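> Have a look at this one.
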Amino acid sequence: MKGMVNKCSNCGGEMVLMGDMKFRVGGYSGVGGMFLGGWNQLAEQTQTFTLYRCAQCGKVDFYEPAGR
Ligand SMILES: [Zn+2]
C-alpha cells in the first residue's frame, strides 16, 4: 500500500492518510458496553486499522495494516 494513491470510491477524490487507529474488539454488544464497566472483565483485544479519509466528500476507509 505504501506510495499508492487511493481514490475515493464515492467521488473519485484523493484519499488522505489519517494514520492508524486502534479499536477494541471482542465481546461488546455495541458501544454501550464501554459505559457499563464491562470492559475490565473482558480479555482486552485491539485491532489496528489504517484510516484514510476523502479530502472531497469525507468518506472514510479502513485498511488492515500491512505486515501484521
Ligand atoms: Zn470522496
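In the C-alpha cells, chains take letters A, B, ... by order of appearance, with residues numbered from 1 within each chain and ligands from 1 in the order shown.
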List the spatial neighbours of Gln47 of chain A as a PyMOL selection string - criterion: any atom at most 12 Å away, only C-alpha atoms, same-chain residues fewer than 5 positions off excluded.

chain A and resi 20-26+62-65+68

> At a cut-off of 9 Å around ligand 1, and using only C-alpha atoms and all ligand atoms, what residues come up? Please write them as an NGL selection string.

:A and (7-15 or 53-60)

> Met18 of chain A: which residues within 9 Å, counting only C-alpha atoms, same-chain residues fewer than 6 positions away excluded, as a PDB file with C-alpha atoms, in the first residue's frame?


```pdb
ATOM      1  CA  THR A  50      -5.095   2.348   8.900  1.00  0.00           C
ATOM      2  CA  LEU A  51      -7.515   5.142   8.270  1.00  0.00           C
ATOM      3  CA  TYR A  52      -7.952   7.104   5.067  1.00  0.00           C
ATOM      4  CA  ARG A  53     -10.323   9.990   4.554  1.00  0.00           C
TER       5      ARG A  53
END
```
